[in-house]
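Participant: File input.tsv below, TSV, C-alpha atoms and all ligand atoms:
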```
chain	number	residue	atom	x	y	z
A	4	MET	CA	1.90	-33.71	38.94
A	5	ILE	CA	2.79	-30.72	36.77
A	6	TYR	CA	5.73	-31.50	34.49
A	7	LEU	CA	7.72	-28.43	33.47
A	8	ASP	CA	11.09	-29.98	32.73
A	9	ASN	CA	10.81	-30.80	29.03
A	10	ALA	CA	14.30	-29.42	28.36
A	11	ALA	CA	15.68	-32.22	30.55
A	12	THR	CA	13.63	-34.91	28.89
A	13	THR	CA	10.16	-35.48	27.46
A	14	ARG	CA	7.51	-38.14	27.72
A	15	VAL	CA	7.50	-40.67	24.88
A	16	ALA	CA	4.50	-39.85	22.65
A	17	PRO	CA	1.91	-42.67	22.34
A	18	GLU	CA	2.43	-43.03	18.58
A	19	VAL	CA	6.19	-43.25	19.15
A	20	LEU	CA	5.79	-45.99	21.74
A	21	GLU	CA	3.39	-47.89	19.52
A	22	SER	CA	5.78	-47.74	16.57
A	23	LEU	CA	8.82	-49.02	18.47
A	24	LEU	CA	7.27	-51.81	20.55
A	25	PRO	CA	7.13	-54.41	17.75
A	26	TYR	CA	10.89	-53.97	17.32
A	27	MET	CA	11.43	-55.04	20.93
A	28	ALA	CA	9.25	-58.13	20.47
A	29	GLU	CA	8.30	-59.95	17.29
A	30	ASN	CA	10.49	-57.90	14.90
A	31	TYR	CA	13.74	-58.61	16.70
A	32	GLY	CA	15.91	-59.30	13.65
A	33	ASN	CA	19.40	-57.88	13.29
A	34	PRO	CA	19.39	-55.34	10.44
A	35	SER	CA	22.64	-56.88	9.15
A	36	SER	CA	21.07	-60.35	8.65
A	37	ILE	CA	20.03	-61.31	5.17
A	38	TYR	CA	16.83	-63.26	5.95
A	39	GLN	CA	13.36	-61.64	5.98
A	40	LEU	CA	13.36	-60.89	9.73
A	41	GLY	CA	16.60	-58.93	9.38
A	42	ALA	CA	15.38	-57.17	6.24
A	43	ALA	CA	12.31	-55.91	8.12
A	44	SER	CA	14.56	-54.28	10.73
A	45	ARG	CA	16.77	-52.87	8.00
A	46	ARG	CA	13.78	-51.29	6.28
A	47	ALA	CA	12.57	-49.82	9.56
A	48	VAL	CA	15.97	-48.26	10.27
A	49	SER	CA	16.14	-46.78	6.81
A	50	GLY	CA	12.61	-45.36	7.11
A	51	ALA	CA	13.63	-43.69	10.36
A	52	ARG	CA	16.76	-42.31	8.74
A	53	GLU	CA	14.64	-40.66	6.05
A	54	ALA	CA	12.26	-39.13	8.60
A	55	VAL	CA	15.12	-37.69	10.66
A	56	ALA	CA	16.85	-36.35	7.53
A	57	GLU	CA	13.69	-34.74	6.25
A	58	LEU	CA	13.22	-32.70	9.41
A	59	ILE	CA	16.48	-30.81	8.77
A	60	GLY	CA	16.65	-30.86	4.97
A	61	ALA	CA	19.44	-33.44	4.89
A	62	ASP	CA	19.83	-36.54	2.74
A	63	ALA	CA	19.22	-39.86	4.48
A	64	GLU	CA	22.84	-40.94	3.82
A	65	GLU	CA	24.02	-37.97	5.88
A	66	ILE	CA	22.35	-39.19	9.09
A	67	TYR	CA	24.35	-41.41	11.46
A	68	PHE	CA	22.51	-42.82	14.45
A	69	THR	CA	24.23	-42.57	17.82
A	70	ALA	CA	23.42	-43.36	21.44
A	71	GLY	CA	22.23	-39.79	22.00
A	72	GLY	CA	23.24	-36.15	21.92
A	73	SER	CA	26.36	-36.46	24.07
A	74	GLU	CA	27.82	-39.12	21.80
A	75	ALA	CA	27.04	-37.04	18.71
A	76	ASP	CA	28.80	-33.99	20.23
A	77	ASN	CA	31.83	-36.08	21.26
A	78	TRP	CA	32.03	-37.64	17.83
A	79	ALA	CA	31.73	-34.34	15.95
A	80	LEU	CA	34.46	-32.61	17.92
A	81	LYS	CA	36.93	-35.45	18.41
A	82	ALA	CA	36.68	-36.75	14.85
A	83	THR	CA	37.08	-33.26	13.36
A	84	ALA	CA	40.14	-32.69	15.56
A	85	GLU	CA	41.54	-36.01	14.37
A	86	ALA	CA	40.76	-35.48	10.69
A	87	TYR	CA	41.87	-31.85	10.43
A	88	GLY	CA	44.52	-31.78	13.20
A	89	ASN	CA	47.34	-31.66	10.65
A	90	LYS	CA	45.77	-28.57	9.05
A	91	GLY	CA	45.40	-26.64	12.31
A	92	ARG	CA	44.78	-27.02	16.01
A	93	HIS	CA	42.41	-24.16	16.82
A	94	ILE	CA	38.73	-24.59	17.70
A	95	ILE	CA	36.11	-21.89	18.31
A	96	THR	CA	33.13	-22.50	20.58
A	97	THR	CA	31.14	-20.53	23.17
A	98	LYS	CA	30.96	-20.28	26.92
A	99	ILE	CA	27.34	-21.44	27.01
A	100	GLU	CA	27.61	-24.82	25.29
A	101	HIS	CA	26.31	-28.01	26.88
A	102	HIS	CA	28.90	-29.92	28.89
A	103	ALA	CA	28.98	-32.56	26.14
A	104	VAL	CA	30.71	-29.92	24.00
A	105	LEU	CA	32.58	-28.00	26.72
A	106	HIS	CA	34.09	-31.03	28.41
A	107	THR	CA	35.06	-32.50	25.03
A	108	CYS	CA	36.83	-29.20	24.27
A	109	ARG	CA	38.68	-29.47	27.60
A	110	TYR	CA	39.72	-32.98	26.61
A	111	LEU	CA	40.98	-31.72	23.25
A	112	GLU	CA	42.94	-28.97	24.99
A	113	ARG	CA	44.75	-31.70	26.90
A	114	GLN	CA	45.52	-33.27	23.51
A	115	GLY	CA	47.25	-30.06	22.37
A	116	PHE	CA	44.36	-28.20	20.71
A	117	GLU	CA	43.66	-24.56	21.46
A	118	VAL	CA	40.08	-23.55	22.12
A	119	THR	CA	38.55	-20.06	22.05
A	120	TYR	CA	35.43	-19.85	24.23
A	121	LEU	CA	33.41	-16.91	22.93
A	122	ASP	CA	31.51	-14.61	25.27
A	123	VAL	CA	27.80	-14.04	24.83
A	124	ASP	CA	25.78	-10.90	25.57
A	125	ARG	CA	23.36	-10.38	28.49
A	126	ASP	CA	20.68	-12.30	26.56
A	127	GLY	CA	22.95	-15.21	25.75
A	128	LEU	CA	23.44	-14.30	22.09
A	129	VAL	CA	26.66	-15.13	20.27
A	130	ASP	CA	27.84	-12.27	18.04
A	131	PRO	CA	28.68	-13.50	14.50
A	132	ASP	CA	31.28	-10.71	14.24
A	133	ALA	CA	33.01	-12.15	17.31
A	134	VAL	CA	33.10	-15.52	15.56
A	135	ARG	CA	34.62	-13.89	12.50
A	136	ALA	CA	37.18	-12.04	14.62
A	137	ALA	CA	38.21	-15.23	16.44
A	138	ILE	CA	39.06	-17.10	13.23
A	139	ARG	CA	42.78	-17.76	12.73
A	140	PRO	CA	44.64	-19.41	9.87
A	141	ASP	CA	44.79	-22.61	11.96
A	142	THR	CA	41.09	-22.70	12.91
A	143	ILE	CA	39.62	-26.07	11.93
A	144	LEU	CA	36.25	-26.12	13.69
A	145	ILE	CA	33.51	-23.78	14.87
A	146	SER	CA	30.92	-25.31	17.22
A	147	VAL	CA	27.98	-23.15	18.32
A	148	MET	CA	24.76	-24.54	19.70
A	149	SER	CA	21.48	-23.85	17.86
A	150	ALA	CA	19.58	-23.02	21.05
A	151	ASN	CA	20.64	-23.02	24.68
A	152	ASN	CA	19.24	-25.69	26.98
A	153	GLU	CA	19.08	-23.47	30.07
A	154	ILE	CA	17.97	-20.03	28.93
A	155	GLY	CA	16.42	-20.96	25.57
A	156	THR	CA	18.24	-18.34	23.49
A	157	ILE	CA	18.26	-19.19	19.77
A	158	GLU	CA	21.62	-18.42	18.15
A	159	PRO	CA	22.24	-16.85	14.70
A	160	ILE	CA	23.22	-20.20	13.21
A	161	ALA	CA	22.71	-19.32	9.53
A	162	GLU	CA	25.00	-16.31	9.85
A	163	ILE	CA	27.70	-18.26	11.66
A	164	GLY	CA	27.34	-21.10	9.14
A	165	GLY	CA	27.86	-18.60	6.33
A	166	ILE	CA	31.02	-17.26	7.93
A	167	ALA	CA	32.43	-20.76	8.47
A	168	ARG	CA	31.64	-21.88	4.91
A	169	GLU	CA	33.19	-18.73	3.45
A	170	ARG	CA	36.43	-19.48	5.31
A	171	GLY	CA	36.36	-23.23	4.64
A	172	ILE	CA	36.05	-24.13	8.32
A	173	VAL	CA	33.94	-27.06	9.53
A	174	PHE	CA	30.80	-25.86	11.32
A	175	HIS	CA	29.10	-28.04	13.94
A	176	THR	CA	25.96	-27.17	15.87
A	177	ASP	CA	24.57	-28.91	18.92
A	178	ALA	CA	20.91	-28.74	17.94
A	179	VAL	CA	19.65	-31.07	20.66
A	180	GLN	CA	17.27	-28.40	22.03
A	181	ALA	CA	16.27	-26.96	18.66
A	182	PHE	CA	15.74	-30.14	16.63
A	183	GLY	CA	12.03	-30.69	16.13
A	184	GLN	CA	11.14	-27.48	18.02
A	185	ILE	CA	12.11	-24.80	15.49
A	186	PRO	CA	12.76	-25.02	11.72
A	187	ILE	CA	16.30	-26.05	10.75
A	188	ASP	CA	17.66	-26.47	7.24
A	189	VAL	CA	21.24	-27.73	7.16
A	190	LYS	CA	21.76	-26.64	3.56
A	191	GLU	CA	20.36	-23.13	3.93
A	192	MET	CA	22.16	-22.64	7.26
A	193	LYS	CA	25.41	-24.10	5.89
A	194	ILE	CA	25.72	-26.59	8.71
A	195	ASP	CA	28.39	-29.29	8.24
A	196	MET	CA	27.56	-31.34	11.33
A	197	LEU	CA	24.56	-31.34	13.65
A	198	SER	CA	23.77	-33.25	16.86
A	199	ALA	CA	20.26	-34.29	17.87
A	200	SER	CA	18.72	-36.51	20.53
A	201	ALA	CA	15.38	-38.34	20.44
A	202	HIS	CA	14.40	-37.96	24.08
A	203	LYS	CA	14.12	-34.18	23.78
A	204	LEU	CA	11.31	-34.51	21.20
A	205	ASN	CA	9.06	-37.16	22.72
A	206	GLY	CA	11.25	-40.02	21.53
A	207	PRO	CA	13.07	-42.68	23.56
A	208	LYS	CA	16.23	-42.08	25.59
A	209	GLY	CA	19.64	-43.33	24.48
A	210	VAL	CA	19.28	-42.63	20.78
A	211	GLY	CA	20.21	-39.62	18.68
A	212	CYS	CA	22.13	-38.78	15.55
A	213	LEU	CA	24.97	-36.88	14.03
A	214	TYR	CA	24.34	-35.31	10.64
A	215	ILE	CA	27.58	-35.27	8.65
A	216	ARG	CA	27.48	-33.34	5.39
A	217	LYS	CA	28.39	-35.46	2.40
A	218	GLY	CA	32.03	-35.08	1.45
A	219	LEU	CA	33.29	-34.21	4.92
A	220	LYS	CA	36.17	-36.46	5.88
A	221	ILE	CA	35.10	-37.50	9.35
A	222	GLY	CA	36.33	-40.79	10.75
A	223	SER	CA	34.40	-43.32	12.77
A	224	PHE	CA	33.89	-42.90	16.50
A	225	ILE	CA	33.03	-46.46	17.51
A	226	HIS	CA	35.20	-49.02	15.72
A	227	GLY	CA	33.91	-52.46	14.88
A	228	GLY	CA	31.35	-53.65	12.36
A	229	ALA	CA	30.30	-51.92	9.18
A	230	GLN	CA	27.05	-50.43	10.49
A	231	GLU	CA	26.15	-46.81	9.68
A	232	ARG	CA	28.25	-46.92	6.50
A	233	ASN	CA	31.37	-47.91	8.46
A	234	ARG	CA	31.21	-44.82	10.60
A	235	ARG	CA	29.51	-46.01	13.78
A	236	ALA	CA	29.91	-49.68	14.62
A	237	GLY	CA	27.55	-51.72	16.77
A	238	THR	CA	24.26	-53.50	16.14
A	239	GLU	CA	21.69	-50.76	15.64
A	240	ASN	CA	19.34	-49.80	18.47
A	241	VAL	CA	16.43	-50.70	16.21
A	242	PRO	CA	13.52	-49.92	18.60
A	243	GLY	CA	15.20	-46.66	19.61
A	244	ILE	CA	15.89	-45.65	16.03
A	245	VAL	CA	12.35	-46.50	14.93
A	246	GLY	CA	11.02	-44.42	17.84
A	247	PHE	CA	13.34	-41.55	16.88
A	248	GLY	CA	12.03	-41.70	13.30
A	249	THR	CA	8.42	-41.56	14.46
A	250	ALA	CA	9.23	-38.72	16.86
A	251	ALA	CA	10.94	-36.76	14.06
A	252	ALA	CA	8.03	-37.23	11.65
A	253	ARG	CA	5.60	-36.26	14.39
A	254	ALA	CA	7.65	-33.19	15.34
A	255	GLY	CA	7.67	-31.99	11.74
A	256	ARG	CA	3.94	-32.53	11.43
A	257	ILE	CA	2.97	-30.70	14.62
A	258	MET	CA	5.78	-28.12	14.85
A	259	GLU	CA	3.74	-25.08	13.91
A	260	GLU	CA	0.82	-25.86	16.16
A	261	LYS	CA	2.99	-27.07	19.04
A	262	SER	CA	5.30	-24.08	19.00
A	263	GLY	CA	2.41	-21.65	18.66
A	264	ARG	CA	0.72	-23.14	21.70
A	265	GLU	CA	3.95	-23.24	23.72
A	266	ARG	CA	4.78	-19.61	22.88
A	267	GLU	CA	1.39	-18.55	24.12
A	268	LEU	CA	1.80	-20.49	27.38
A	269	ARG	CA	5.40	-19.30	27.77
A	270	ASP	CA	4.54	-15.62	27.35
A	271	TYR	CA	1.62	-15.96	29.74
A	272	LEU	CA	3.84	-17.52	32.40
A	273	ILE	CA	6.60	-14.92	31.89
A	274	ALA	CA	4.13	-12.04	32.10
A	275	ARG	CA	2.53	-13.32	35.30
A	276	ILE	CA	5.83	-13.97	37.06
A	277	GLU	CA	7.28	-10.59	36.07
A	278	LYS	CA	4.16	-8.85	37.29
A	279	GLU	CA	3.63	-10.77	40.50
A	280	VAL	CA	7.05	-11.78	41.83
A	281	PRO	CA	9.29	-8.87	42.83
A	282	TYR	CA	13.06	-8.85	42.30
A	283	CYS	CA	13.33	-11.33	39.50
A	284	ARG	CA	15.05	-11.35	36.13
A	285	LEU	CA	14.06	-13.18	32.96
A	286	ASN	CA	17.16	-14.96	31.67
A	287	GLY	CA	17.63	-15.46	27.93
A	288	HIS	CA	16.50	-13.44	24.92
A	289	ARG	CA	12.87	-12.34	25.08
A	290	GLU	CA	12.02	-13.03	21.41
A	291	LYS	CA	14.84	-15.20	20.06
A	292	ARG	CA	13.83	-17.90	22.48
A	293	LEU	CA	12.75	-21.54	22.33
A	294	PRO	CA	8.94	-21.72	22.36
A	295	GLY	CA	8.81	-23.69	25.61
A	296	ASN	CA	11.59	-22.06	27.66
A	297	VAL	CA	11.10	-19.91	30.75
A	298	ASN	CA	14.10	-19.12	32.97
A	299	PHE	CA	14.06	-16.71	35.89
A	300	SER	CA	16.48	-15.68	38.59
A	301	PHE	CA	14.74	-14.88	41.85
A	302	PHE	CA	17.16	-12.77	43.81
A	303	PHE	CA	18.08	-13.52	47.45
A	304	ILE	CA	17.10	-17.19	47.36
A	305	GLU	CA	18.58	-20.58	46.47
A	306	GLY	CA	17.11	-22.18	43.35
A	307	GLU	CA	17.65	-25.64	44.85
A	308	SER	CA	15.50	-24.82	47.89
A	309	LEU	CA	12.78	-23.51	45.60
A	310	LEU	CA	12.95	-26.69	43.52
A	311	ILE	CA	12.51	-28.90	46.55
A	312	ARG	CA	9.52	-26.89	47.70
A	313	LEU	CA	7.95	-26.99	44.23
A	314	ASP	CA	8.56	-30.74	44.11
A	315	MET	CA	6.62	-31.11	47.36
A	316	GLU	CA	3.72	-29.45	45.56
A	317	GLY	CA	4.02	-31.87	42.63
A	318	ILE	CA	5.82	-29.47	40.28
A	319	CYS	CA	8.82	-30.77	38.29
A	320	ALA	CA	11.23	-28.01	37.29
A	321	SER	CA	14.95	-27.46	37.15
A	322	SER	CA	17.47	-24.96	38.42
A	323	GLY	CA	19.51	-24.41	35.30
A	324	SER	CA	21.02	-27.45	33.66
A	325	ALA	CA	19.91	-30.96	34.60
A	326	CYS	CA	23.52	-32.03	34.38
A	327	THR	CA	24.68	-29.59	37.05
A	328	SER	CA	21.96	-30.37	39.57
A	329	GLY	CA	23.58	-32.06	42.51
A	330	SER	CA	26.57	-29.77	42.23
A	331	LEU	CA	26.87	-26.47	44.07
A	332	ASP	CA	28.60	-24.63	41.24
A	333	PRO	CA	26.38	-22.00	39.70
A	334	SER	CA	25.43	-22.59	36.09
A	335	HIS	CA	28.18	-21.64	33.63
A	336	VAL	CA	25.49	-20.29	31.30
A	337	LEU	CA	24.08	-17.88	33.86
A	338	LEU	CA	27.57	-16.69	34.76
A	339	ALA	CA	28.33	-16.20	31.05
A	340	ILE	CA	25.34	-13.84	30.66
A	341	GLY	CA	26.76	-11.74	33.47
A	342	LEU	CA	24.83	-12.83	36.54
A	343	LYS	CA	26.63	-12.75	39.86
A	344	HIS	CA	27.08	-16.04	41.69
A	345	GLU	CA	24.30	-15.30	44.16
A	346	GLU	CA	21.94	-14.31	41.34
A	347	ALA	CA	22.74	-17.41	39.32
A	348	HIS	CA	22.04	-19.57	42.37
A	349	GLY	CA	18.45	-18.34	42.54
A	350	SER	CA	17.48	-19.52	39.08
A	351	LEU	CA	14.56	-21.63	37.99
A	352	ARG	CA	13.97	-23.18	34.56
A	353	LEU	CA	10.42	-24.08	33.60
A	354	SER	CA	10.34	-25.84	30.23
A	355	LEU	CA	6.88	-26.37	28.79
A	356	SER	CA	5.26	-28.77	26.40
A	357	GLU	CA	2.19	-28.19	24.27
A	358	GLU	CA	0.26	-30.34	26.73
A	359	ASN	CA	0.56	-27.93	29.64
A	360	THR	CA	-2.53	-25.89	30.45
A	361	LYS	CA	-3.09	-22.34	31.68
A	362	GLU	CA	-4.60	-23.81	34.85
A	363	GLU	CA	-1.35	-25.66	35.52
A	364	LEU	CA	0.63	-22.48	34.97
A	365	ASP	CA	-1.67	-20.56	37.31
A	366	ALA	CA	-0.96	-23.15	40.00
A	367	VAL	CA	2.77	-22.85	39.30
A	368	VAL	CA	2.71	-19.05	39.59
A	369	GLU	CA	0.93	-19.30	42.94
A	370	ALA	CA	3.43	-21.90	44.18
A	371	VAL	CA	6.40	-19.82	43.00
A	372	LYS	CA	5.01	-16.65	44.60
A	373	LYS	CA	4.36	-18.35	47.91
A	374	ASN	CA	7.67	-20.22	48.13
A	375	VAL	CA	9.88	-17.39	46.89
A	376	SER	CA	8.35	-15.20	49.56
A	377	LEU	CA	8.80	-17.88	52.26
A	378	LEU	CA	12.43	-18.41	51.29
A	379	ARG	CA	13.10	-14.67	51.25
A	380	ASP	CA	11.71	-14.39	54.76
A	381	MET	CA	14.46	-16.80	55.82
A	382	SER	CA	17.18	-15.24	53.68
A	383	PRO	CA	19.91	-13.15	55.33
A	384	LEU	CA	20.66	-11.70	51.87
A	385	TYR	CA	17.14	-10.40	51.59
A	386	GLU	CA	17.16	-9.03	55.13
A	387	ASP	CA	20.37	-7.24	54.36
A	388	PHE	CA	18.93	-5.87	51.12
A	389	VAL	CA	15.78	-4.57	52.78
A	390	LYS	CA	17.79	-2.93	55.58
A	391	ASN	CA	20.44	-1.33	53.44
A	392	LYS	CA	18.78	-1.08	50.03
A	393	LYS	CA	22.16	-2.01	48.67
A	394	GLU	CA	22.51	-1.79	44.94
A	395	ALA	CA	24.18	-5.15	44.88
A	396	TYR	CA	21.65	-6.80	42.61
A	397	HIS	CA	20.44	-6.26	39.08
A	398	VAL	CA	16.96	-5.46	40.41
B	1	LIG	C1	20.25	-32.95	26.45
B	1	LIG	C2	21.32	-32.24	25.71
B	1	LIG	C3	22.48	-32.92	25.29
B	1	LIG	C4	22.75	-34.36	25.64
B	1	LIG	O1	21.91	-35.23	24.97
B	1	LIG	P1	21.77	-36.74	25.53
B	1	LIG	O2	20.97	-37.43	24.49
B	1	LIG	O3	21.05	-36.63	26.84
B	1	LIG	O4	23.14	-37.29	25.66
B	1	LIG	C5	23.42	-32.21	24.57
B	1	LIG	N1	23.23	-30.92	24.26
B	1	LIG	C6	22.13	-30.23	24.64
B	1	LIG	C7	21.98	-28.81	24.24
B	1	LIG	C8	21.14	-30.87	25.39
B	1	LIG	O5	20.07	-30.19	25.77
```
Could I get this file's structure written as structure tokens?
Facilitator:
Amino acid sequence: MIYLDNAATTRVAPEVLESLLPYMAENYGNPSSIYQLGAASRRAVSGAREAVAELIGADAEEIYFTAGGSEADNWALKATAEAYGNKGRHIITTKIEHHAVLHTCRYLERQGFEVTYLDVDRDGLVDPDAVRAAIRPDTILISVMSANNEIGTIEPIAEIGGIARERGIVFHTDAVQAFGQIPIDVKEMKIDMLSASAHKLNGPKGVGCLYIRKGLKIGSFIHGGAQERNRRAGTENVPGIVGFGTAAARAGRIMEEKSGRERELRDYLIARIEKEVPYCRLNGHREKRLPGNVNFSFFFIEGESLLIRLDMEGICASSGSACTSGSLDPSHVLLAIGLKHEEAHGSLRLSLSEENTKEELDAVVEAVKKNVSLLRDMSPLYEDFVKNKKEAYHV
């Protein structure tokens, strides 16, 4: 099997698994209990909190563990709307956010909030000047993702953070794809809230965090006990949190080496595909791009058909967002960067890890070449194109 879907989820690293297992077995104490067994869990959770905080230059008290990235996004947006709703009812976000942000914005619109969805350019970049221009006296929140999960484009977060801080507007970033992959400093980048998720950095699924800058008046999302300094009730997912902590420490330790290796593999794969597969387009910014992200549109074919054929050859990939697979709607991200429906449908995301090899990528290029060509032979769109040389595509 060749696994190239690390943007959807990653394999738990051996040291992460080893660190969390004792907290599923012998160290099963509730962190809220006062006896030794509980205290051991409490210490483990607080160690993890420090490791997660350190990765983004936050203080440990600013990290609130959640059940993943989606919960962190929901919490950030809904709680800001609730806390600042009397000050204003306008929110600024972008058209390329993850559904955890977009669908929460739709929900808030139904609650009477107004949302501006900013356009992005052909590479998926948000223009900080467009953010500035969208600000109104009643704007209470700006939410822009750190890096896009489909096309890998890295957004100018520090600039947008500066604009938000200058105007006294809360700035949230969904950093689920960026956290542990590229350097982030919440203080330097003037980030007020940040979402992260363990399973995107070789940690366990179902655990993540929301960073909330000290002093921000953000209410609790889950009501109940006093866990997470009264802001997120529920007995802590101790094994998950411990695993998240180990994954964060590991990510910080290996970031430079890992990203260097992934960039090399990524650029090799991009170069080969561009050279050897005709009528394709690289989606996302060429340089401002996550180290492990490759996303192509292959014109005249269906990405889903290509995926199935690659799967039969043992290759795990994705056609855009994992959350939209199973639906026939083209990816909202690919439409936002200006692709036509039929172009967006022919997209393939290959997201690498540092463990992939050039030999694997060579096999993937051969499989992509062969199957794209087979699918084009069956495609009426392609036949039409060859016959008429219509300028209907961005070829
Ligand atoms: C995966 C992902 C999420 C959701 O995180 P979960 O932990 O799976 O809920 C949110 N935003 C982005 C950008 C993601 O890639």
Participant: How many Å separate CA of Gly127 (chain A) from CA of Val147 (chain A)?
Facilitator: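 Going from CA of Gly127 (chain A) over to CA of Val147 (chain A), I get 12.0 Å.
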Participant: Counting all atoms listed in the file, what residues are within 9 Å of ligand LIG 1 (chain B), given as a VMD selection string?
Facilitator: chain A and resid 10 to 12 70 to 76 100 to 104 148 to 153 177 to 181 198 to 203 208 to 211 324 to 326
Participant: Rounded to one decimal in Å, what is the spacing between CA of Ala16 (chain A) and CA of Gly206 (chain A)?
Facilitator: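 Computing the Euclidean distance for CA of Ala16 (chain A) and CA of Gly206 (chain A) yields 6.8 Å.
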Participant: Which residues come within 8 Å of Gly155 (chain A), counting all atoms listed in the file, excluding same-chain residues fewer than 3 positions away, as a list in words?
Facilitator: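 Everything that qualifies: Ala150, Asn151, Asn152, Gly287, His288, Arg292, Leu293, Asn296, Val297 and Asn298 of chain A.
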Participant: How would the residues just picked look written out with C-alpha atoms as a PDB file, in the frame of the given file?
Facilitator:
```
ATOM      1  CA  ALA A 150      19.580 -23.020  21.050  1.00  0.00           C
ATOM      2  CA  ASN A 151      20.640 -23.020  24.680  1.00  0.00           C
ATOM      3  CA  ASN A 152      19.240 -25.690  26.980  1.00  0.00           C
ATOM      4  CA  GLY A 287      17.630 -15.460  27.930  1.00  0.00           C
ATOM      5  CA  HIS A 288      16.500 -13.440  24.920  1.00  0.00           C
ATOM      6  CA  ARG A 292      13.830 -17.900  22.480  1.00  0.00           C
ATOM      7  CA  LEU A 293      12.750 -21.540  22.330  1.00  0.00           C
ATOM      8  CA  ASN A 296      11.590 -22.060  27.660  1.00  0.00           C
ATOM      9  CA  VAL A 297      11.100 -19.910  30.750  1.00  0.00           C
ATOM     10  CA  ASN A 298      14.100 -19.120  32.970  1.00  0.00           C
TER      11      ASN A 298
END
```
Participant: Between CA of Asp387 (chain A) and CA of Gly306 (chain A), measure the distance and give it in Å to one decimal.
Facilitator: 18.8 Å
Participant: Please provide as a PyMOL selection string all residues within 7 Å of Glu231 (chain A), with the sequence filter that same-chain residues fewer than 4 positions apart are discarded (counting all atoms listed in the file).
Facilitator: chain A and resi 67+235-236
Participant: Given the choices A:Leu378, A:Ala339, A:Val189, A:Leu364, which gets closest to Asp62 (chain A) if the distance is worked out from all atoms listed in the file?
Facilitator: A:Val189
Participant: Counting all atoms listed in the file, figure out which residue out of A:Ile304, A:Leu219, A:Leu20, A:Leu309 gets nearest to Pro383 (chain A).
Facilitator: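 Closest candidate: A:Ile304.
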Participant: Taking only C-alpha atoms into account, which of A:Ala254, A:Leu338, A:Ile59, A:Ile225 comes nearest Lys193 (chain A)?
Facilitator: A:Ile59
Participant: Name the residues in contact with Thr96 (chain A) at a cut-off of 7 Å, using only C-alpha atoms, excluding same-chain residues fewer than 3 positions from it; report them as a count of residues only.
Facilitator: 6
Participant: Which residues are close to Val245 (chain A), i.e. within 9 Å by all atoms listed in the file, leaving aside same-chain residues fewer than 6 positions away? Reply as a list in words.
Facilitator: Val19, Ser22, Leu23, Tyr26, Ala47, Val48, Ser49, Gly50, Ala51 and Arg52 of chain A
Participant: I'd like the neighbourhood of Lys190 (chain A) as a PDB file with C-alpha atoms, keeping the file's coordinate frame, where a residue qualifies if any of its atoms comes within 10 Å (using only C-alpha atoms), though same-chain residues fewer than 6 positions away should be ignored.
Facilitator:
```
ATOM      1  CA  ILE A  59      16.480 -30.810   8.770  1.00  0.00           C
ATOM      2  CA  GLY A  60      16.650 -30.860   4.970  1.00  0.00           C
ATOM      3  CA  ALA A  61      19.440 -33.440   4.890  1.00  0.00           C
ATOM      4  CA  ALA A 161      22.710 -19.320   9.530  1.00  0.00           C
ATOM      5  CA  GLY A 164      27.340 -21.100   9.140  1.00  0.00           C
ATOM      6  CA  ARG A 216      27.480 -33.340   5.390  1.00  0.00           C
TER       7      ARG A 216
END
```
Participant: Starting from 6 Å padding per side, set up an axis-aligned box that covers all listed atoms of region 100-113 of chain A and hand over centre and edge lengths in Å, one decimal, as JSON.
Facilitator:
```
{"center_x": 35.5, "center_y": -28.9, "center_z": 26.1, "size_x": 30.4, "size_y": 20.2, "size_z": 17.6}
```
Participant: With all atoms listed in the file counted, which protein, DNA or RNA residues have an atom no more than 12 Å from (31.4, -50.6, 16.7) in the file frame? Please answer as a list in words.
Facilitator: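 Residues with an atom close enough to that point: Thr69, Ala70, Ser223, Phe224, Ile225, His226, Gly227, Gly228, Ala229, Gln230, Glu231, Arg232, Asn233, Arg234, Arg235, Ala236, Gly237, Thr238 and Glu239 of chain A.
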Participant: Give the answer as one residue: which of A:Tyr282, A:Lys217, A:Glu386, A:Leu204 has the shortest atom-to-atom distance to Thr13 (chain A), using all atoms listed in the file?
Facilitator: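 Nearest candidate to Thr13 (chain A) out of A:Tyr282, A:Lys217, A:Glu386, A:Leu204: A:Leu204.
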Participant: Compare A:Ile276, A:Val389, A:Ile66, A:Leu24 by their minimum atom-to-atom distance to Ala366 (chain A), counting only C-alpha atoms, and give me the closest one.
Facilitator: A:Ile276
